[in-house]
Amino acid sequence: MKNQISFFLFAFTLILLVTSCGEDSLEPDSSFGAELQTNEESSIDHSSHRNCGMADKMEKLMSNPDYQRIHLEKLRKLALMDNDPKHRSTCANPVLIPMAIHFQGISSPNASCLVSLAQNQVDILNKDFTGSNSDINKWSSNAASYFPGVANGEACVKFVLADKNHPSGYGLSEGSPAVTINKTNGDRINAFTKYLNVFVRSNLGFLGESPLGGAGNGDGVLVDAAAFGAGSGCGNVSPEAPYNLGRTLTHEIGHYLLLDHIWGGGCNQDDDVNDTPNQNSDYGGCPSLGASSCGSTDMHMNYMDYSNDACMYMFSAGQATRMENYLSSSLSNITNNASNVYGGGDDNGSDNTDDNDDDTTDNDDNEPIETCDKPSSTNVTIVNNRKVKVSWEASFEAIRYQLIYRKVGANRWTRRSGTSTSRTLGSLTAGADYEYRVRTRCSSGWTGYTAKQIFNTVEDDTSSDNDDANCNTIKFELVLDQYGSETSWELVDENNSRIATGGPYKDGQAGRKITKEFCLPDGCYTMYVDDAYGDGICCDYGDGYFKLMTSNGSVIAESDGYFGNYDYLDVCLDGNSGSLRNRKTDPKSKKLARKKVLASN
Ligand SMILES: [Zn+2]
């Protein structure tokens, strides 16, 4: 396994060193180029492609052995995390990312206009990163059908302009946003360490640039003054079509949070995100849905492609997970700084989700009578002492719904999404108080959540007869090899919480059969068997194996015991349909999930 990781990192390094960021260049003899020379205010290339300086920047950075070592260490940390978007809990308290925006070389600047433009750009980031952008419906109602199984991603983040305890000497007063004008140069400012910095200036030669994985050490991203924010702009800081919706910064901050370009390094070089299809190269302009390469449909509407601003509108769930994981593993210096430099919200670290999730409802006035709104008339039906059904009334023109719930007092919400107006919640604790909230996805984005409501599950009846009615019986059978002391097992639920463990056992018992029976609520489970020596339980020192069976002994899933450090079996139980099915998940994501389980338990 170690060798595999080293190889992965080595390959990744090579990718960084050999890829270039788009093939287009600023052709001096193009008609646009000639036109640009006569127009002072226009500084961007209007040819069919956007361009970005990330790969060139990384090539330079990675040539420094110290940088390379630190960068690879960050990737190693990330690889140990759970990168499966299905394991994420819901976003109740977004991680605050304090920003500072630095306009550079602006002639006759209009300060208040630039501050508004900076805030406008931050608002765009918040919509794009949380999937509440007004054009997300292009994905949900159309493009998504080209990518079965892929969900758009909502990163649990909130970008804010720092507004207190500013460094001195930059013309910033307490309570005003961290927007500096003509006070900085270049793409680094030490006084703003622990901020996400954005440097805006004209004639960059590309639309934007960022390191692949920022450091929060005063570094940041560069954006051309003709591709910053949306609207009519401020003098020579004016967004120009087709890069006038503020998405150059969405793309560059994607890089800062470790997202590679969607095409990676071509068909054979992945972008290290599981749910984005392989893609041969970049797209520009507004490509047609269904365009394909590498034998799969291309996701050119992804923010990490080179499409026009109007034709990119989503991150995938895998990308959102990667960004969140990078933030927590490598950018806590920035996120921890939020409470020092941002006082504009009373939502820092609080448990109140009301403030955080209602960002899309800016215009409460003039609402039409019938509008897409949060769900109404929520209702809870007790199914049994570990299961309830929550239902609500359909919202007008709702695209889908999201329900979050948790045991009262718990930190993390569990999230369930779908188009149905009801949701059955299983695996609950008997005799406990739970709270839940629901929201609606409208074409304009998510509504706020409904107010918290509470339900109580029924006390456990200790009679085993009753238990049997509420759970699904499965049997686990493990046959040891000669070295039982190397063998242990662990059953976890879909949140990677431990349900049962066993072993290690005594040596010299090859062929001994261990059997266990579990009665489990509906849900998906994974049984891991570990071999501490890394040589499995078959076949050099005995013919060990393990399997999961139904109560009457039919095999649901089986491992032949021929593995290294561990093998696993997945099973999903649904008492209503009586189904017990084998669900073999992607081994790559499983391997990462496994490390997370071992690290957290
Ligand atoms: Zn880029």
# chains A, B, ... in the order shown; residues from 1 in each chain; ligands from 1
>>> select_by_dssp(residues="stretch 285-350 of chain A", states="alpha helix (DSSP H)", output="PDB file with N, CA and C atoms, in the first residue's frame")
ATOM      1  N   ALA A 317     -20.138  16.696  -6.454  1.00  0.00           N
ATOM      2  CA  ALA A 317     -20.078  16.397  -5.021  1.00  0.00           C
ATOM      3  C   ALA A 317     -18.673  15.956  -4.617  1.00  0.00           C
ATOM      4  N   GLY A 318     -18.001  15.220  -5.492  1.00  0.00           N
ATOM      5  CA  GLY A 318     -16.633  14.791  -5.200  1.00  0.00           C
ATOM      6  C   GLY A 318     -15.691  15.980  -5.100  1.00  0.00           C
ATOM      7  N   GLN A 319     -15.881  16.943  -5.959  1.00  0.00           N
ATOM      8  CA  GLN A 319     -15.034  18.144  -5.892  1.00  0.00           C
ATOM      9  C   GLN A 319     -15.306  18.915  -4.601  1.00  0.00           C
ATOM     10  N   ALA A 320     -16.593  19.038  -4.251  1.00  0.00           N
ATOM     11  CA  ALA A 320     -16.931  19.768  -3.022  1.00  0.00           C
ATOM     12  C   ALA A 320     -16.297  19.086  -1.810  1.00  0.00           C
ATOM     13  N   THR A 321     -16.331  17.764  -1.797  1.00  0.00           N
ATOM     14  CA  THR A 321     -15.744  17.018  -0.684  1.00  0.00           C
ATOM     15  C   THR A 321     -14.239  17.237  -0.620  1.00  0.00           C
ATOM     16  N   ARG A 322     -13.594  17.209  -1.790  1.00  0.00           N
ATOM     17  CA  ARG A 322     -12.142  17.419  -1.821  1.00  0.00           C
ATOM     18  C   ARG A 322     -11.787  18.806  -1.283  1.00  0.00           C
ATOM     19  N   MET A 323     -12.553  19.804  -1.675  1.00  0.00           N
ATOM     20  CA  MET A 323     -12.273  21.167  -1.200  1.00  0.00           C
ATOM     21  C   MET A 323     -12.461  21.265   0.318  1.00  0.00           C
ATOM     22  N   GLU A 324     -13.540  20.685   0.806  1.00  0.00           N
ATOM     23  CA  GLU A 324     -13.778  20.727   2.260  1.00  0.00           C
ATOM     24  C   GLU A 324     -12.646  20.019   3.003  1.00  0.00           C
ATOM     25  N   ASN A 325     -12.227  18.873   2.464  1.00  0.00           N
ATOM     26  CA  ASN A 325     -11.162  18.124   3.131  1.00  0.00           C
ATOM     27  C   ASN A 325      -9.837  18.877   3.085  1.00  0.00           C
ATOM     28  N   TYR A 326      -9.586  19.552   1.984  1.00  0.00           N
ATOM     29  CA  TYR A 326      -8.342  20.314   1.905  1.00  0.00           C
ATOM     30  C   TYR A 326      -8.377  21.478   2.901  1.00  0.00           C
ATOM     31  N   LEU A 327      -9.528  22.129   2.976  1.00  0.00           N
ATOM     32  CA  LEU A 327      -9.673  23.221   3.945  1.00  0.00           C
ATOM     33  C   LEU A 327      -9.384  22.733   5.359  1.00  0.00           C
ATOM     34  N   SER A 328      -9.964  21.588   5.716  1.00  0.00           N
ATOM     35  CA  SER A 328      -9.797  21.154   7.108  1.00  0.00           C
ATOM     36  C   SER A 328      -8.417  20.560   7.351  1.00  0.00           C
ATOM     37  N   SER A 329      -7.781  19.977   6.330  1.00  0.00           N
ATOM     38  CA  SER A 329      -6.481  19.349   6.590  1.00  0.00           C
ATOM     39  C   SER A 329      -5.316  20.306   6.387  1.00  0.00           C
ATOM     40  N   SER A 330      -5.470  21.314   5.531  1.00  0.00           N
ATOM     41  CA  SER A 330      -4.308  22.147   5.204  1.00  0.00           C
ATOM     42  C   SER A 330      -4.532  23.652   5.285  1.00  0.00           C
ATOM     43  N   SER A 332      -6.476  25.211   7.888  1.00  0.00           N
ATOM     44  CA  SER A 332      -7.115  25.620   9.142  1.00  0.00           C
ATOM     45  C   SER A 332      -6.521  26.932   9.642  1.00  0.00           C
ATOM     46  N   ASN A 333      -5.318  27.280   9.181  1.00  0.00           N
ATOM     47  CA  ASN A 333      -4.778  28.589   9.574  1.00  0.00           C
ATOM     48  C   ASN A 333      -5.706  29.709   9.098  1.00  0.00           C
ATOM     49  N   ILE A 334      -6.270  29.559   7.905  1.00  0.00           N
ATOM     50  CA  ILE A 334      -7.211  30.573   7.396  1.00  0.00           C
ATOM     51  C   ILE A 334      -8.546  30.480   8.124  1.00  0.00           C
ATOM     52  N   THR A 335      -9.098  29.269   8.197  1.00  0.00           N
ATOM     53  CA  THR A 335     -10.451  29.168   8.760  1.00  0.00           C
ATOM     54  C   THR A 335     -10.452  29.504  10.258  1.00  0.00           C
ATOM     55  N   ALA A 338     -10.860  33.216  11.129  1.00  0.00           N
ATOM     56  CA  ALA A 338     -12.120  33.912  10.842  1.00  0.00           C
ATOM     57  C   ALA A 338     -12.617  34.694  12.051  1.00  0.00           C
ATOM     58  N   SER A 339     -12.569  34.073  13.217  1.00  0.00           N
ATOM     59  CA  SER A 339     -13.127  34.765  14.388  1.00  0.00           C
ATOM     60  C   SER A 339     -12.265  35.969  14.791  1.00  0.00           C
ATOM     61  N   ASN A 340     -10.998  35.975  14.388  1.00  0.00           N
ATOM     62  CA  ASN A 340     -10.136  37.128  14.713  1.00  0.00           C
ATOM     63  C   ASN A 340     -10.399  38.317  13.802  1.00  0.00           C
ATOM     64  N   VAL A 341     -10.732  38.030  12.560  1.00  0.00           N
ATOM     65  CA  VAL A 341     -10.762  39.125  11.581  1.00  0.00           C
ATOM     66  C   VAL A 341     -12.138  39.374  10.987  1.00  0.00           C
TER      67      VAL A 341
END
>>> residues_around(residues="stretch 408-416 of chain A", least_positions_apart="2", cutoff="10 Å", atoms="only C-alpha atoms", output="PDB file with N, CA and C atoms, in the first residue's frame")
ATOM      1  N   LYS A  86     -20.606  10.688  -0.231  1.00  0.00           N
ATOM      2  CA  LYS A  86     -21.791  10.099   0.399  1.00  0.00           C
ATOM      3  C   LYS A  86     -21.668  10.081   1.921  1.00  0.00           C
ATOM      4  N   HIS A  87     -20.460  10.204   2.416  1.00  0.00           N
ATOM      5  CA  HIS A  87     -20.266  10.152   3.865  1.00  0.00           C
ATOM      6  C   HIS A  87     -20.341  11.524   4.524  1.00  0.00           C
ATOM      7  N   ARG A  88     -20.586  12.572   3.731  1.00  0.00           N
ATOM      8  CA  ARG A  88     -20.589  13.895   4.342  1.00  0.00           C
ATOM      9  C   ARG A  88     -21.864  14.119   5.124  1.00  0.00           C
ATOM     10  N   SER A  89     -21.727  14.808   6.229  1.00  0.00           N
ATOM     11  CA  SER A  89     -22.946  15.198   6.930  1.00  0.00           C
ATOM     12  C   SER A  89     -23.403  16.516   6.321  1.00  0.00           C
ATOM     13  N   THR A  90     -24.574  16.928   6.699  1.00  0.00           N
ATOM     14  CA  THR A  90     -25.127  18.110   6.055  1.00  0.00           C
ATOM     15  C   THR A  90     -24.428  19.378   6.530  1.00  0.00           C
ATOM     16  N   CYS A  91     -24.630  20.421   5.773  1.00  0.00           N
ATOM     17  CA  CYS A  91     -23.935  21.675   6.067  1.00  0.00           C
ATOM     18  C   CYS A  91     -24.797  22.539   6.964  1.00  0.00           C
ATOM     19  N   ALA A  92     -24.617  22.409   8.257  1.00  0.00           N
ATOM     20  CA  ALA A  92     -25.395  23.240   9.178  1.00  0.00           C
ATOM     21  C   ALA A  92     -24.628  24.515   9.510  1.00  0.00           C
ATOM     22  N   ASN A  93     -23.340  24.395   9.740  1.00  0.00           N
ATOM     23  CA  ASN A  93     -22.508  25.550  10.070  1.00  0.00           C
ATOM     24  C   ASN A  93     -21.374  25.664   9.067  1.00  0.00           C
ATOM     25  N   ASP A 351     -24.655  27.509  16.730  1.00  0.00           N
ATOM     26  CA  ASP A 351     -25.432  26.355  16.314  1.00  0.00           C
ATOM     27  C   ASP A 351     -26.684  26.776  15.554  1.00  0.00           C
ATOM     28  N   TYR A 401     -35.903  17.960  -2.339  1.00  0.00           N
ATOM     29  CA  TYR A 401     -35.946  18.357  -0.936  1.00  0.00           C
ATOM     30  C   TYR A 401     -34.728  17.816  -0.217  1.00  0.00           C
ATOM     31  N   GLN A 402     -34.424  18.445   0.895  1.00  0.00           N
ATOM     32  CA  GLN A 402     -33.339  17.935   1.716  1.00  0.00           C
ATOM     33  C   GLN A 402     -33.785  17.973   3.175  1.00  0.00           C
ATOM     34  N   LEU A 403     -33.623  16.840   3.818  1.00  0.00           N
ATOM     35  CA  LEU A 403     -33.977  16.746   5.229  1.00  0.00           C
ATOM     36  C   LEU A 403     -32.698  16.532   6.017  1.00  0.00           C
ATOM     37  N   ILE A 404     -32.547  17.256   7.125  1.00  0.00           N
ATOM     38  CA  ILE A 404     -31.415  17.007   8.016  1.00  0.00           C
ATOM     39  C   ILE A 404     -31.958  16.645   9.394  1.00  0.00           C
ATOM     40  N   TYR A 405     -31.281  15.750  10.053  1.00  0.00           N
ATOM     41  CA  TYR A 405     -31.747  15.374  11.383  1.00  0.00           C
ATOM     42  C   TYR A 405     -30.563  14.960  12.241  1.00  0.00           C
ATOM     43  N   ARG A 406     -30.753  15.043  13.540  1.00  0.00           N
ATOM     44  CA  ARG A 406     -29.720  14.595  14.469  1.00  0.00           C
ATOM     45  C   ARG A 406     -30.369  14.374  15.830  1.00  0.00           C
ATOM     46  N   GLY A 418     -33.772  14.078  -1.807  1.00  0.00           N
ATOM     47  CA  GLY A 418     -34.512  13.342  -2.821  1.00  0.00           C
ATOM     48  C   GLY A 418     -35.701  14.141  -3.302  1.00  0.00           C
ATOM     49  N   ARG A 423     -39.622  10.841   3.931  1.00  0.00           N
ATOM     50  CA  ARG A 423     -38.328  10.200   4.096  1.00  0.00           C
ATOM     51  C   ARG A 423     -38.409   9.299   5.325  1.00  0.00           C
ATOM     52  N   THR A 424     -38.022   8.058   5.180  1.00  0.00           N
ATOM     53  CA  THR A 424     -37.989   7.168   6.328  1.00  0.00           C
ATOM     54  C   THR A 424     -36.591   7.189   6.924  1.00  0.00           C
ATOM     55  N   LEU A 425     -36.514   7.437   8.223  1.00  0.00           N
ATOM     56  CA  LEU A 425     -35.218   7.500   8.906  1.00  0.00           C
ATOM     57  C   LEU A 425     -35.058   6.259   9.767  1.00  0.00           C
ATOM     58  N   ALA A 432     -35.085   8.206  22.231  1.00  0.00           N
ATOM     59  CA  ALA A 432     -34.247   9.408  22.178  1.00  0.00           C
ATOM     60  C   ALA A 432     -35.004  10.552  21.503  1.00  0.00           C
ATOM     61  N   ASP A 433     -34.553  11.782  21.787  1.00  0.00           N
ATOM     62  CA  ASP A 433     -35.127  12.958  21.131  1.00  0.00           C
ATOM     63  C   ASP A 433     -34.300  13.288  19.901  1.00  0.00           C
ATOM     64  N   TYR A 434     -34.973  13.528  18.809  1.00  0.00           N
ATOM     65  CA  TYR A 434     -34.305  13.934  17.576  1.00  0.00           C
ATOM     66  C   TYR A 434     -34.887  15.261  17.106  1.00  0.00           C
ATOM     67  N   GLU A 435     -34.076  16.028  16.399  1.00  0.00           N
ATOM     68  CA  GLU A 435     -34.602  17.235  15.768  1.00  0.00           C
ATOM     69  C   GLU A 435     -34.341  17.158  14.272  1.00  0.00           C
ATOM     70  N   TYR A 436     -35.184  17.815  13.497  1.00  0.00           N
ATOM     71  CA  TYR A 436     -35.025  17.778  12.050  1.00  0.00           C
ATOM     72  C   TYR A 436     -35.481  19.083  11.427  1.00  0.00           C
ATOM     73  N   ARG A 437     -35.021  19.306  10.221  1.00  0.00           N
ATOM     74  CA  ARG A 437     -35.401  20.478   9.437  1.00  0.00           C
ATOM     75  C   ARG A 437     -35.445  20.051   7.975  1.00  0.00           C
ATOM     76  N   VAL A 438     -36.210  20.749   7.170  1.00  0.00           N
ATOM     77  CA  VAL A 438     -36.330  20.393   5.757  1.00  0.00           C
ATOM     78  C   VAL A 438     -36.219  21.662   4.924  1.00  0.00           C
ATOM     79  N   ILE A 454     -38.995  18.615  16.720  1.00  0.00           N
ATOM     80  CA  ILE A 454     -38.465  17.508  17.515  1.00  0.00           C
ATOM     81  C   ILE A 454     -39.410  16.318  17.462  1.00  0.00           C
ATOM     82  N   PHE A 455     -38.859  15.137  17.382  1.00  0.00           N
ATOM     83  CA  PHE A 455     -39.680  13.940  17.593  1.00  0.00           C
ATOM     84  C   PHE A 455     -38.944  13.021  18.558  1.00  0.00           C
ATOM     85  N   ASN A 456     -39.676  12.090  19.151  1.00  0.00           N
ATOM     86  CA  ASN A 456     -39.067  11.162  20.104  1.00  0.00           C
ATOM     87  C   ASN A 456     -39.288   9.754  19.609  1.00  0.00           C
ATOM     88  N   ASN A 495     -22.229   5.376   8.318  1.00  0.00           N
ATOM     89  CA  ASN A 495     -21.501   6.558   8.774  1.00  0.00           C
ATOM     90  C   ASN A 495     -20.138   6.184   9.346  1.00  0.00           C
TER      91      ASN A 495
END
>>> select_by_dssp(residues="stretch 376-526 of chain A", states="strand (DSSP E or B)", output="PyMOL selection string")
chain A and resi 376-384+387-393+400-407+414-418+422-425+433-442+445-446+453-456+472-479+487-493+498-502+513-520+523-526
>>> residues_near_ligand(ligand="ligand 1", cutoff="12 Å", atoms="only C-alpha atoms and all ligand atoms", output="number ranges by chain")
A: 19-22, 49-58, 206-213, 221-223, 247-264, 282-283, 302-307
>>> closest_residue(among="A:Ile136, A:Val95, A:Val237, A:Val388", to="A:Trp446", atoms="only C-alpha atoms")
A:Ile136
>>> closest_residue(among="A:Tyr533, A:Tyr342, A:Tyr562, A:Tyr525", to="A:Glu174", atoms="only C-alpha atoms")
A:Tyr342
>>> closest_residue(among="A:Arg188, A:Arg400, A:His102, A:Lys506", to="A:Leu172", atoms="only C-alpha atoms")
A:His102
>>> residues_around(residues="A:Gly564", least_positions_apart="5", cutoff="12 Å", atoms="only C-alpha atoms", output="list of chain:residue names")
A:Met1, A:Glu486, A:Thr487, A:Val529, A:Asp530, A:Asp531, A:Ala532, A:Tyr533, A:Gly534, A:Asp535, A:Gly536, A:Ile537, A:Cys538, A:Cys539
>>> residues_around(residues="A:Ile97", least_positions_apart="2", cutoff="9 Å", atoms="only C-alpha atoms", output="compact mmCIF listing (two decimals) with N, CA and C atoms, in the first residue's frame")
# COMPACT_ATOMS: atom_id res chain seq x y z
N VAL A 95 -18.10 26.57 7.05
CA VAL A 95 -16.77 27.02 7.48
C VAL A 95 -16.54 28.41 6.90
N MET A 99 -11.56 36.62 3.71
CA MET A 99 -10.86 37.03 2.50
C MET A 99 -10.39 38.47 2.61
N VAL A 157 -19.09 25.94 2.94
CA VAL A 157 -18.19 27.07 3.17
C VAL A 157 -18.97 28.37 3.05
N LYS A 158 -18.43 29.41 3.64
CA LYS A 158 -18.99 30.75 3.45
C LYS A 158 -17.82 31.73 3.36
N PHE A 159 -17.71 32.38 2.20
CA PHE A 159 -16.65 33.37 2.00
C PHE A 159 -17.11 34.69 2.60
N VAL A 160 -16.23 35.31 3.36
CA VAL A 160 -16.57 36.61 3.95
C VAL A 160 -15.37 37.55 3.78
N LEU A 161 -15.67 38.83 3.61
CA LEU A 161 -14.60 39.81 3.61
C LEU A 161 -14.25 40.13 5.06
N ALA A 162 -12.99 39.97 5.41
CA ALA A 162 -12.56 40.29 6.78
C ALA A 162 -12.94 41.74 7.08
N TYR A 195 -5.28 34.78 5.52
CA TYR A 195 -6.44 35.22 4.76
C TYR A 195 -6.40 34.49 3.41
N LEU A 196 -7.55 34.37 2.78
CA LEU A 196 -7.55 34.01 1.36
C LEU A 196 -7.49 35.33 0.59
N ILE A 334 -6.27 29.56 7.91
CA ILE A 334 -7.21 30.57 7.40
C ILE A 334 -8.55 30.48 8.12
N THR A 335 -9.10 29.27 8.20
CA THR A 335 -10.45 29.17 8.76
C THR A 335 -10.45 29.50 10.26
N ASN A 336 -9.36 29.15 10.96
CA ASN A 336 -9.30 29.50 12.38
C ASN A 336 -9.14 31.00 12.61
N ASN A 337 -8.70 31.69 11.57
CA ASN A 337 -8.49 33.13 11.70
C ASN A 337 -9.81 33.91 11.55
N ALA A 338 -10.86 33.22 11.13
CA ALA A 338 -12.12 33.91 10.84
C ALA A 338 -12.62 34.69 12.05
>>> closest_residue(among="A:Leu428, A:Cys113, A:Ala178, A:Val380", to="A:Ser232", atoms="only C-alpha atoms")
A:Cys113
>>> closest_residue(among="A:Leu491, A:Ile124, A:Ala151, A:Ile101", to="A:Arg201", atoms="only C-alpha atoms")
A:Ile101
>>> residues_around(residues="A:Ser488", least_positions_apart="3", cutoff="10 Å", atoms="only C-alpha atoms", output="PyMOL selection string")
chain A and resi 478+480+484-485+501-505+528-532+566
>>> write_last_selection(atoms="N, CA and C atoms", output="PDB file, in the first residue's frame")
ATOM      1  N   LEU A 478     -16.634 -16.479  10.039  1.00  0.00           N
ATOM      2  CA  LEU A 478     -15.208 -16.220   9.797  1.00  0.00           C
ATOM      3  C   LEU A 478     -14.450 -17.496  10.093  1.00  0.00           C
ATOM      4  N   LEU A 480     -10.666 -18.995  10.519  1.00  0.00           N
ATOM      5  CA  LEU A 480      -9.306 -18.506  10.775  1.00  0.00           C
ATOM      6  C   LEU A 480      -8.266 -19.326  10.021  1.00  0.00           C
ATOM      7  N   GLY A 484      -4.241 -16.731  13.957  1.00  0.00           N
ATOM      8  CA  GLY A 484      -5.422 -16.019  14.444  1.00  0.00           C
ATOM      9  C   GLY A 484      -5.075 -14.717  15.147  1.00  0.00           C
ATOM     10  N   SER A 485      -3.864 -14.629  15.684  1.00  0.00           N
ATOM     11  CA  SER A 485      -3.484 -13.409  16.409  1.00  0.00           C
ATOM     12  C   SER A 485      -3.368 -12.209  15.476  1.00  0.00           C
ATOM     13  N   THR A 501     -17.148  -5.523  17.048  1.00  0.00           N
ATOM     14  CA  THR A 501     -15.781  -5.888  16.684  1.00  0.00           C
ATOM     15  C   THR A 501     -15.466  -7.241  17.300  1.00  0.00           C
ATOM     16  N   GLY A 502     -14.430  -7.877  16.792  1.00  0.00           N
ATOM     17  CA  GLY A 502     -14.002  -9.144  17.369  1.00  0.00           C
ATOM     18  C   GLY A 502     -12.557  -9.440  17.027  1.00  0.00           C
ATOM     19  N   GLY A 503     -11.956 -10.404  17.745  1.00  0.00           N
ATOM     20  CA  GLY A 503     -10.561 -10.755  17.538  1.00  0.00           C
ATOM     21  C   GLY A 503      -9.669  -9.738  18.206  1.00  0.00           C
ATOM     22  N   PRO A 504      -8.363  -9.907  18.139  1.00  0.00           N
ATOM     23  CA  PRO A 504      -7.710 -11.054  17.479  1.00  0.00           C
ATOM     24  C   PRO A 504      -7.902 -12.351  18.268  1.00  0.00           C
ATOM     25  N   TYR A 505      -7.523 -13.455  17.626  1.00  0.00           N
ATOM     26  CA  TYR A 505      -7.736 -14.774  18.201  1.00  0.00           C
ATOM     27  C   TYR A 505      -6.384 -15.428  18.491  1.00  0.00           C
ATOM     28  N   TYR A 528     -15.484  -5.479   7.904  1.00  0.00           N
ATOM     29  CA  TYR A 528     -14.060  -5.534   7.579  1.00  0.00           C
ATOM     30  C   TYR A 528     -13.415  -6.686   8.327  1.00  0.00           C
ATOM     31  N   VAL A 529     -12.517  -7.384   7.665  1.00  0.00           N
ATOM     32  CA  VAL A 529     -11.643  -8.309   8.369  1.00  0.00           C
ATOM     33  C   VAL A 529     -10.215  -7.855   8.106  1.00  0.00           C
ATOM     34  N   ASP A 530      -9.477  -7.643   9.183  1.00  0.00           N
ATOM     35  CA  ASP A 530      -8.102  -7.160   9.078  1.00  0.00           C
ATOM     36  C   ASP A 530      -7.122  -8.282   9.329  1.00  0.00           C
ATOM     37  N   ASP A 531      -5.992  -8.214   8.642  1.00  0.00           N
ATOM     38  CA  ASP A 531      -4.889  -9.113   8.965  1.00  0.00           C
ATOM     39  C   ASP A 531      -3.672  -8.246   9.278  1.00  0.00           C
ATOM     40  N   ALA A 532      -3.270  -8.275  10.529  1.00  0.00           N
ATOM     41  CA  ALA A 532      -2.237  -7.351  10.997  1.00  0.00           C
ATOM     42  C   ALA A 532      -0.909  -7.559  10.276  1.00  0.00           C
ATOM     43  N   TYR A 566      -6.489  -6.099   4.613  1.00  0.00           N
ATOM     44  CA  TYR A 566      -7.888  -6.293   4.976  1.00  0.00           C
ATOM     45  C   TYR A 566      -8.722  -6.570   3.733  1.00  0.00           C
TER      46      TYR A 566
END
>>> decode(residues="stretch 248-263 of chain A", atoms="C-alpha atoms", output="CSV table (one decimal), in the first residue's frame")
chain,number,residue,atom,x,y,z
A,248,THR,CA,-13.0,33.3,-13.1
A,249,LEU,CA,-12.6,33.6,-9.3
A,250,THR,CA,-14.8,30.6,-8.7
A,251,HIS,CA,-12.4,28.6,-10.9
A,252,GLU,CA,-9.3,30.0,-9.3
A,253,ILE,CA,-10.5,29.4,-5.8
A,254,GLY,CA,-11.3,25.9,-6.9
A,255,HIS,CA,-7.6,25.6,-7.6
A,256,TYR,CA,-6.7,27.2,-4.3
A,257,LEU,CA,-8.8,24.5,-2.6
A,258,LEU,CA,-6.9,21.8,-4.5
A,259,LEU,CA,-9.2,21.2,-7.5
A,260,ASP,CA,-7.3,20.4,-10.7
A,261,HIS,CA,-8.7,21.2,-14.1
A,262,ILE,CA,-11.6,18.9,-15.0
A,263,TRP,CA,-9.6,17.3,-17.8
